[in-house]
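This is model16.cif. It holds mmCIF, C-alpha atoms and all ligand atoms.
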```cif
data_run
loop_
_atom_site.label_atom_id
_atom_site.label_comp_id
_atom_site.auth_asym_id
_atom_site.auth_seq_id
_atom_site.Cartn_x
_atom_site.Cartn_y
_atom_site.Cartn_z
CA MET A 164 -6.13 -26.42 -6.63
CA ALA A 165 -2.63 -26.12 -8.04
CA ILE A 166 0.25 -25.20 -5.78
CA ARG A 167 2.20 -22.28 -7.29
CA LYS A 168 5.64 -23.60 -6.45
CA LYS A 169 7.43 -20.93 -8.47
CA THR A 170 6.18 -18.16 -6.19
CA ALA A 171 7.22 -19.87 -2.93
CA ALA A 172 10.62 -18.24 -2.91
CA VAL A 173 11.35 -19.35 0.61
CA PRO A 174 11.80 -23.05 1.41
CA GLY A 175 9.14 -24.35 3.73
CA GLU A 176 6.40 -22.04 2.44
CA SER A 177 3.76 -22.70 -0.18
CA VAL A 178 0.80 -20.80 -1.56
CA ARG A 179 -2.44 -21.95 -3.15
CA VAL A 180 -4.89 -19.71 -4.95
CA LEU A 181 -8.05 -18.83 -3.02
CA LEU A 182 -9.37 -15.95 -5.16
CA SER A 183 -8.22 -15.63 -8.74
CA ARG A 184 -7.33 -12.28 -10.24
CA SER A 185 -10.35 -12.36 -12.55
CA ARG A 186 -12.73 -13.05 -9.65
CA ILE A 187 -11.17 -10.18 -7.72
CA GLN A 188 -11.54 -7.79 -10.66
CA LYS A 189 -15.22 -8.68 -11.21
CA ARG A 190 -16.01 -8.19 -7.55
CA ILE A 191 -14.22 -4.84 -7.38
CA ALA A 192 -16.11 -3.59 -10.44
CA ALA A 193 -19.39 -4.49 -8.71
CA LEU A 194 -18.28 -2.81 -5.47
CA ALA A 195 -17.39 0.34 -7.39
CA ARG A 196 -20.88 0.45 -8.94
CA GLU A 197 -22.43 0.08 -5.48
CA ILE A 198 -20.21 2.79 -4.00
CA ARG A 199 -20.85 5.21 -6.86
CA ALA A 200 -24.61 4.67 -6.56
CA ASP A 201 -24.46 5.48 -2.83
CA PHE A 202 -22.46 8.68 -3.31
CA GLN A 203 -24.20 9.71 -6.55
CA ASP A 204 -22.12 12.35 -8.32
CA GLU A 205 -20.35 13.66 -5.22
CA PRO A 206 -16.54 13.75 -5.06
CA LEU A 207 -15.03 10.77 -3.29
CA HIS A 208 -11.79 10.85 -1.33
CA LEU A 209 -10.20 7.41 -1.05
CA VAL A 210 -7.93 6.81 1.94
CA GLY A 211 -5.81 3.72 1.44
CA VAL A 212 -4.12 1.91 4.28
CA LEU A 213 -0.50 1.23 3.35
CA LYS A 214 0.79 -1.04 2.13
CA GLY A 215 -1.69 -3.87 1.80
CA ALA A 216 -4.54 -1.86 0.29
CA VAL A 217 -2.51 -0.34 -2.54
CA PHE A 218 -3.57 -2.83 -5.22
CA PHE A 219 -7.22 -2.82 -4.13
CA LEU A 220 -7.34 0.99 -4.06
CA ALA A 221 -5.68 1.29 -7.46
CA ASP A 222 -8.18 -1.07 -9.07
CA LEU A 223 -11.20 0.32 -7.22
CA ALA A 224 -10.28 3.87 -8.25
CA ARG A 225 -10.14 2.85 -11.90
CA TYR A 226 -13.64 1.37 -11.74
CA LEU A 227 -15.09 4.46 -10.02
CA PRO A 228 -16.42 7.08 -12.41
CA GLY A 229 -16.62 10.75 -11.43
CA LYS A 230 -14.44 12.83 -9.15
CA VAL A 231 -12.04 10.69 -7.14
CA SER A 232 -9.03 11.78 -5.11
CA MET A 233 -6.79 9.71 -2.90
CA ASP A 234 -4.47 9.78 0.05
CA PHE A 235 -2.67 7.18 2.15
CA ILE A 236 -2.26 6.42 5.80
CA ALA A 237 -0.09 3.78 7.46
CA VAL A 238 -0.40 1.91 10.72
CA SER A 239 1.59 -0.85 12.29
CA SER A 240 -0.37 -3.78 13.61
CA TYR A 241 1.69 -6.81 12.67
CA ALA A 242 5.40 -7.12 13.23
CA ASN A 243 6.98 -9.81 11.05
CA GLY A 244 4.58 -12.69 11.32
CA THR A 245 1.04 -13.92 11.17
CA LYS A 246 0.01 -12.90 14.70
CA THR A 247 -1.24 -9.48 15.70
CA SER A 248 0.39 -7.65 18.58
CA GLY A 249 -2.94 -6.07 19.47
CA GLN A 250 -1.30 -2.66 19.33
CA VAL A 251 -2.13 -0.21 16.55
CA ARG A 252 0.04 2.83 15.89
CA LEU A 253 -0.10 5.52 13.21
CA THR A 254 3.17 5.46 11.26
CA LYS A 255 2.21 7.77 8.38
CA ASP A 256 -0.52 10.40 8.50
CA LEU A 257 -2.62 11.79 5.64
CA ASP A 258 -1.20 14.57 3.48
CA THR A 259 -4.41 16.62 3.38
CA SER A 260 -7.40 17.41 5.60
CA ILE A 261 -10.53 15.27 5.29
CA GLU A 262 -12.85 17.75 7.01
CA GLY A 263 -16.15 18.04 5.15
CA ARG A 264 -15.21 15.43 2.55
CA ASN A 265 -16.77 12.12 1.53
CA VAL A 266 -14.14 9.68 2.72
CA LEU A 267 -13.90 6.03 1.77
CA LEU A 268 -11.36 4.22 3.92
CA VAL A 269 -9.90 1.41 1.82
CA GLU A 270 -8.37 -1.53 3.70
CA ASP A 271 -7.08 -4.87 2.49
CA ILE A 272 -8.44 -7.20 5.16
CA LEU A 273 -10.62 -7.08 8.25
CA ASP A 274 -9.27 -9.57 10.76
CA THR A 275 -9.55 -8.89 14.51
CA GLY A 276 -10.95 -5.46 13.68
CA LEU A 277 -8.45 -3.60 15.87
CA THR A 278 -6.85 -1.71 12.99
CA LEU A 279 -10.15 -0.58 11.52
CA GLN A 280 -11.56 0.38 14.89
CA TYR A 281 -8.52 2.55 15.51
CA LEU A 282 -8.56 4.15 12.05
CA VAL A 283 -12.28 4.89 12.08
CA ARG A 284 -11.89 6.59 15.46
CA VAL A 285 -8.94 8.67 14.24
CA LEU A 286 -10.61 9.71 10.96
CA ASP A 287 -14.01 10.39 12.52
CA GLN A 288 -12.43 12.94 14.88
CA ARG A 289 -11.42 14.93 11.80
CA ARG A 290 -15.06 15.60 10.89
CA PRO A 291 -15.45 14.18 7.39
CA LYS A 292 -18.84 14.74 5.76
CA ARG A 293 -19.28 10.98 5.47
CA LEU A 294 -16.91 8.18 6.40
CA ARG A 295 -17.43 4.75 4.88
CA VAL A 296 -15.22 1.68 4.85
CA ALA A 297 -14.39 -0.70 2.03
CA VAL A 298 -12.43 -3.90 2.64
CA LEU A 299 -11.41 -6.44 0.06
CA LEU A 300 -11.42 -9.36 2.49
CA ASP A 301 -13.17 -10.13 5.74
CA LYS A 302 -12.36 -12.96 8.17
CA PRO A 303 -15.45 -12.75 10.41
CA GLU A 304 -14.36 -15.66 12.63
CA ARG A 305 -11.39 -13.69 13.87
CA ARG A 306 -13.23 -10.59 15.04
CA GLU A 307 -12.33 -9.32 18.52
CA VAL A 308 -14.04 -5.93 18.41
CA PRO A 309 -17.44 -5.06 16.93
CA VAL A 310 -16.53 -3.34 13.67
CA SER A 311 -17.76 -4.00 10.16
CA ALA A 312 -17.20 -2.61 6.70
CA ASP A 313 -19.81 -0.87 4.55
CA TYR A 314 -18.46 -2.58 1.44
CA THR A 315 -16.86 -6.04 1.53
CA GLY A 316 -15.28 -7.85 -1.39
CA PHE A 317 -15.16 -11.39 -0.04
CA LYS A 318 -15.74 -13.17 3.25
CA ILE A 319 -12.98 -15.74 3.66
CA PRO A 320 -12.25 -18.53 6.16
CA ASN A 321 -9.77 -18.16 9.00
CA GLU A 322 -6.58 -18.74 7.02
CA PHE A 323 -3.56 -16.55 6.47
CA VAL A 324 -3.65 -15.10 2.98
CA VAL A 325 -1.08 -13.36 0.82
CA GLY A 326 -0.99 -11.72 -2.59
CA TYR A 327 -2.74 -8.80 -4.24
CA GLY A 328 -1.03 -6.47 -1.73
CA LEU A 329 -1.12 -8.77 1.29
CA ASP A 330 2.20 -9.93 2.66
CA TYR A 331 3.93 -12.35 4.94
CA ALA A 332 7.10 -10.67 6.26
CA GLU A 333 6.91 -8.27 3.26
CA ARG A 334 6.86 -11.13 0.75
CA TYR A 335 4.16 -12.14 -1.77
CA ARG A 336 2.48 -8.73 -2.15
CA ASN A 337 3.10 -8.94 -5.90
CA LEU A 338 1.14 -12.17 -6.46
CA PRO A 339 -1.82 -11.32 -8.69
CA ASP A 340 -4.26 -13.65 -6.88
CA VAL A 341 -5.16 -13.91 -3.21
CA SER A 342 -3.62 -17.14 -1.96
CA VAL A 343 -3.51 -19.13 1.26
CA LEU A 344 -0.02 -19.35 2.72
CA THR A 345 1.10 -22.57 4.36
CA LEU A 346 4.18 -22.71 6.54
CA HIS A 347 5.51 -26.25 6.51
CA GLY A 348 6.89 -27.40 9.78
CA LYS A 349 7.08 -23.88 11.19
CA GLY A 350 3.60 -23.64 12.66
CA LYS A 351 1.71 -20.35 12.40
P1 LIG B 1 -6.80 -6.53 12.27
O1 LIG B 1 -6.39 -5.28 13.00
O2 LIG B 1 -6.54 -7.75 13.11
O3 LIG B 1 -8.20 -6.49 11.74
O4 LIG B 1 -5.79 -6.72 11.08
C1 LIG B 1 -5.76 -5.94 9.99
C2 LIG B 1 -4.39 -6.00 9.36
O5 LIG B 1 -3.71 -7.22 9.66
C3 LIG B 1 -4.51 -5.99 7.86
O6 LIG B 1 -4.48 -4.68 7.36
C4 LIG B 1 -3.31 -6.79 7.43
O7 LIG B 1 -2.19 -5.96 7.31
C5 LIG B 1 -3.06 -7.75 8.55
N1 LIG B 1 -3.63 -9.08 8.27
C6 LIG B 1 -4.67 -9.68 8.88
N2 LIG B 1 -4.92 -10.90 8.36
C7 LIG B 1 -3.99 -11.07 7.39
C8 LIG B 1 -3.74 -12.14 6.45
O8 LIG B 1 -4.41 -13.18 6.40
N3 LIG B 1 -2.71 -11.92 5.60
C9 LIG B 1 -1.95 -10.81 5.60
N4 LIG B 1 -2.16 -9.80 6.44
C10 LIG B 1 -3.18 -9.92 7.34
#
```

When written as structure tokens, how does the structure in this file appear?
Amino acid sequence: MAIRKKTAAVPGESVRVLLSRSRIQKRIAALAREIRADFQDEPLHLVGVLKGAVFFLADLARYLPGKVSMDFIAVSSYANGTKTSGQVRLTKDLDTSIEGRNVLLVEDILDTGLTLQYLVRVLDQRRPKRLRVAVLLDKPERREVPVSADYTGFKIPNEFVVGYGLDYAERYRNLPDVSVLTLHGKGK
């Protein structure tokens, strides 16, 4: 696969496409059909996890017919690198209550599972009518805690990915595809 040299703004880093934008769009359209079928014509409240899930949520919302509202939450789990600290902390709470609502938590990637485990616990305590989880990407090999998503876009191998909202030190979120990031000579 072609190396997208133009996007590797920083020397010593390169990216190669893993999931093309068209593949991502097709998969999200199918996920939206599945989600809508499960919730029938009930209102759906999407809760996106900032910032990585922004692109996924925006596309998913556009494929979902019927009543859809949205809110955002933010946690810190990674500092400025590819390794998790193991600590999850809420850095931005929701704007509105989710009590009695059909909530779909929308996350970019399921890695160790620590972030999702924390968020599901926090949101569940707020007594939503139903709480379901959608993730664009899942790295099952990396799981440290037993959590899973109800809707998964793609299972991917244990590699660090960027693009379509996912970052490395806040870079590459704007790439339209999901790409594997390689750090040359820096290790990971
Ligand atoms: P977990 O708590 O280990 O499951 O990690 C979830 C969070 O880690 C995601 O929301 C991402 O912000 C970040 N993350 C995990 N893997 C990657 C990756 O390959 N690229 C970019 N961010 C990642």

*Output the neighbourhood of ligand LIG 1 (chain B) as a PyMOL selection string, that is, all protein and nucleic acid residues with some atom at most 8 Å from the ligand, counting all atoms listed in the file.*
chain A and resi 212+214-216+240-241+245+247+249+251+270-280+302+305-306+321-325+329-331+343

*Using all atoms listed in the file, which of the listed residues (A:Gln250, A:Thr345, A:Ser232, A:Ser260) sits closest to A:Leu286?*
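Residue with the minimum atom-to-atom distance to A:Leu286: A:Ser260.
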
*In terms of the shortest atom-to-atom distance over all atoms listed in the file, which of A:Leu299, A:Ala192, A:Pro339, A:Glu205 is closest to A:Gly316?*
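Using all atoms listed in the file, the shortest distance to A:Gly316 belongs to A:Leu299.
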
*Coordinates-based distance that separates atom CA of A:Ile198 from atom CA of A:Arg336 (Å, one decimal)*: 25.5 Å

*Which residue out of A:Val217, A:Leu207, A:Val269, A:Ile261 has the minimum interatomic distance to A:Ala297 when only C-alpha atoms are used?*
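Under the stated criterion, the closest residue is A:Val269.
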
*asked:* So that I can see what lies close to A:Leu268, please list as number ranges by chain the residues with an atom at most 8 Å from it, counting all atoms listed in the file and leaving out residues fewer than 4 positions away in the same chain.
replied: A: 209-212, 294-297

_A:Ala195, A:Ser311, A:Val285, A:Tyr226 ranked by distance to A:Arg252, top pick (using all atoms listed in the file)_ = A:Val285

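The spacing separating atom CA of A:Val308 from atom CA of A:Ile191 amounts to 25.8 Å.
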
*For atom CA of A:Glu304 and atom CA of A:Val266, determine how far apart the two atoms are, in Å to one decimal place.*
27.2 Å

_I need the residue nearest A:Phe219 from this list: A:Val231, A:Val180, A:Ala200, A:Leu194. Use all atoms listed in the file for the distance._
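For A:Phe219, the nearest of the given residues is A:Leu194.
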
*asked:* Which residue is closest to A:Val178? Choose from A:Asp313, A:Asp222, A:Asp340, A:Asp258 and count all atoms listed in the file.
replied: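 Going through A:Asp313, A:Asp222, A:Asp340, A:Asp258 one by one, the smallest distance to A:Val178 is for A:Asp340.
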
*Using all atoms listed in the file, collect all residues at a distance of at most 8 Å from (3.1, -22.7, 1.5) as written in the file, then present them as a list in words.*
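I get Ala171, Gly175, Glu176, Ser177, Val178, Arg179, Val343, Leu344, Thr345, Leu346 and His347 of chain A for the residues within 8 Å of that point.
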
*With all atoms listed in the file counted, which protein, DNA or RNA residues have an atom no more than 10 Å from (-14.8, 20.5, 0.2) in the file frame? Please answer as a count of residues only.*
9

Around all the atoms of stretch 247-264 of chain A listed in the file, with 6 Å of room on each side, what axis-aligned box do you get, giving centre and edge lengths in Å to one decimal, as AutoDock Vina command-line options?
```
--center_x -6.5 --center_y 4.3 --center_z 11.0 --size_x 31.3 --size_y 39.5 --size_z 28.9
```

Generate the coordinates of N, CA, C and O atoms for stretch 265-286 of chain A; report them as an mmCIF file, in the coordinates of the input.
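Resulting contents of rebuild_31.cif:
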```cif
data_model
loop_
_atom_site.group_PDB
_atom_site.id
_atom_site.type_symbol
_atom_site.label_atom_id
_atom_site.label_comp_id
_atom_site.auth_asym_id
_atom_site.auth_seq_id
_atom_site.Cartn_x
_atom_site.Cartn_y
_atom_site.Cartn_z
ATOM 1 N N ASN A 265 -16.249 13.489 1.566
ATOM 2 C CA ASN A 265 -16.770 12.120 1.530
ATOM 3 C C ASN A 265 -15.582 11.180 1.488
ATOM 4 O O ASN A 265 -14.897 11.088 0.467
ATOM 5 N N VAL A 266 -15.337 10.506 2.605
ATOM 6 C CA VAL A 266 -14.140 9.680 2.720
ATOM 7 C C VAL A 266 -14.495 8.193 2.654
ATOM 8 O O VAL A 266 -15.411 7.731 3.340
ATOM 9 N N LEU A 267 -13.767 7.489 1.810
ATOM 10 C CA LEU A 267 -13.900 6.030 1.770
ATOM 11 C C LEU A 267 -12.558 5.450 2.214
ATOM 12 O O LEU A 267 -11.559 5.567 1.510
ATOM 13 N N LEU A 268 -12.567 4.867 3.410
ATOM 14 C CA LEU A 268 -11.360 4.220 3.920
ATOM 15 C C LEU A 268 -11.230 2.864 3.230
ATOM 16 O O LEU A 268 -12.173 2.061 3.236
ATOM 17 N N VAL A 269 -10.086 2.628 2.617
ATOM 18 C CA VAL A 269 -9.900 1.410 1.820
ATOM 19 C C VAL A 269 -8.840 0.538 2.484
ATOM 20 O O VAL A 269 -7.676 0.925 2.582
ATOM 21 N N GLU A 270 -9.273 -0.642 2.939
ATOM 22 C CA GLU A 270 -8.370 -1.530 3.700
ATOM 23 C C GLU A 270 -8.323 -2.897 3.001
ATOM 24 O O GLU A 270 -9.288 -3.303 2.336
ATOM 25 N N ASP A 271 -7.204 -3.577 3.158
ATOM 26 C CA ASP A 271 -7.080 -4.870 2.490
ATOM 27 C C ASP A 271 -7.920 -5.960 3.160
ATOM 28 O O ASP A 271 -8.661 -6.682 2.511
ATOM 29 N N ILE A 272 -7.790 -6.077 4.489
ATOM 30 C CA ILE A 272 -8.440 -7.200 5.160
ATOM 31 C C ILE A 272 -8.891 -6.818 6.566
ATOM 32 O O ILE A 272 -8.210 -6.069 7.264
ATOM 33 N N LEU A 273 -10.059 -7.286 6.911
ATOM 34 C CA LEU A 273 -10.620 -7.080 8.250
ATOM 35 C C LEU A 273 -10.462 -8.390 8.999
ATOM 36 O O LEU A 273 -11.062 -9.400 8.639
ATOM 37 N N ASP A 274 -9.630 -8.347 10.033
ATOM 38 C CA ASP A 274 -9.270 -9.570 10.760
ATOM 39 C C ASP A 274 -9.829 -9.451 12.184
ATOM 40 O O ASP A 274 -11.026 -9.643 12.392
ATOM 41 N N THR A 275 -9.006 -9.083 13.157
ATOM 42 C CA THR A 275 -9.550 -8.890 14.510
ATOM 43 C C THR A 275 -10.442 -7.651 14.573
ATOM 44 O O THR A 275 -11.319 -7.556 15.427
ATOM 45 N N GLY A 276 -10.187 -6.705 13.695
ATOM 46 C CA GLY A 276 -10.950 -5.460 13.680
ATOM 47 C C GLY A 276 -10.250 -4.324 14.407
ATOM 48 O O GLY A 276 -10.695 -3.175 14.356
ATOM 49 N N LEU A 277 -9.142 -4.621 15.061
ATOM 50 C CA LEU A 277 -8.450 -3.600 15.870
ATOM 51 C C LEU A 277 -7.942 -2.435 15.019
ATOM 52 O O LEU A 277 -8.069 -1.275 15.403
ATOM 53 N N THR A 278 -7.383 -2.753 13.859
ATOM 54 C CA THR A 278 -6.850 -1.710 12.990
ATOM 55 C C THR A 278 -7.965 -0.779 12.510
ATOM 56 O O THR A 278 -7.858 0.448 12.592
ATOM 57 N N LEU A 279 -9.034 -1.375 12.041
ATOM 58 C CA LEU A 279 -10.150 -0.580 11.520
ATOM 59 C C LEU A 279 -10.808 0.245 12.616
ATOM 60 O O LEU A 279 -11.129 1.419 12.404
ATOM 61 N N GLN A 280 -10.964 -0.346 13.777
ATOM 62 C CA GLN A 280 -11.560 0.380 14.890
ATOM 63 C C GLN A 280 -10.732 1.633 15.220
ATOM 64 O O GLN A 280 -11.270 2.722 15.393
ATOM 65 N N TYR A 281 -9.434 1.445 15.227
ATOM 66 C CA TYR A 281 -8.520 2.550 15.510
ATOM 67 C C TYR A 281 -8.619 3.622 14.410
ATOM 68 O O TYR A 281 -8.765 4.818 14.686
ATOM 69 N N LEU A 282 -8.558 3.194 13.158
ATOM 70 C CA LEU A 282 -8.560 4.150 12.050
ATOM 71 C C LEU A 282 -9.883 4.908 11.941
ATOM 72 O O LEU A 282 -9.890 6.109 11.671
ATOM 73 N N VAL A 283 -10.980 4.227 12.156
ATOM 74 C CA VAL A 283 -12.280 4.890 12.080
ATOM 75 C C VAL A 283 -12.376 5.955 13.175
ATOM 76 O O VAL A 283 -12.867 7.066 12.940
ATOM 77 N N ARG A 284 -11.872 5.616 14.357
ATOM 78 C CA ARG A 284 -11.890 6.590 15.460
ATOM 79 C C ARG A 284 -11.043 7.814 15.100
ATOM 80 O O ARG A 284 -11.481 8.955 15.232
ATOM 81 N N VAL A 285 -9.846 7.576 14.590
ATOM 82 C CA VAL A 285 -8.940 8.670 14.240
ATOM 83 C C VAL A 285 -9.547 9.554 13.135
ATOM 84 O O VAL A 285 -9.544 10.786 13.223
ATOM 85 N N LEU A 286 -10.094 8.933 12.101
ATOM 86 C CA LEU A 286 -10.610 9.710 10.960
ATOM 87 C C LEU A 286 -11.915 10.426 11.309
ATOM 88 O O LEU A 286 -12.151 11.549 10.864
#
```
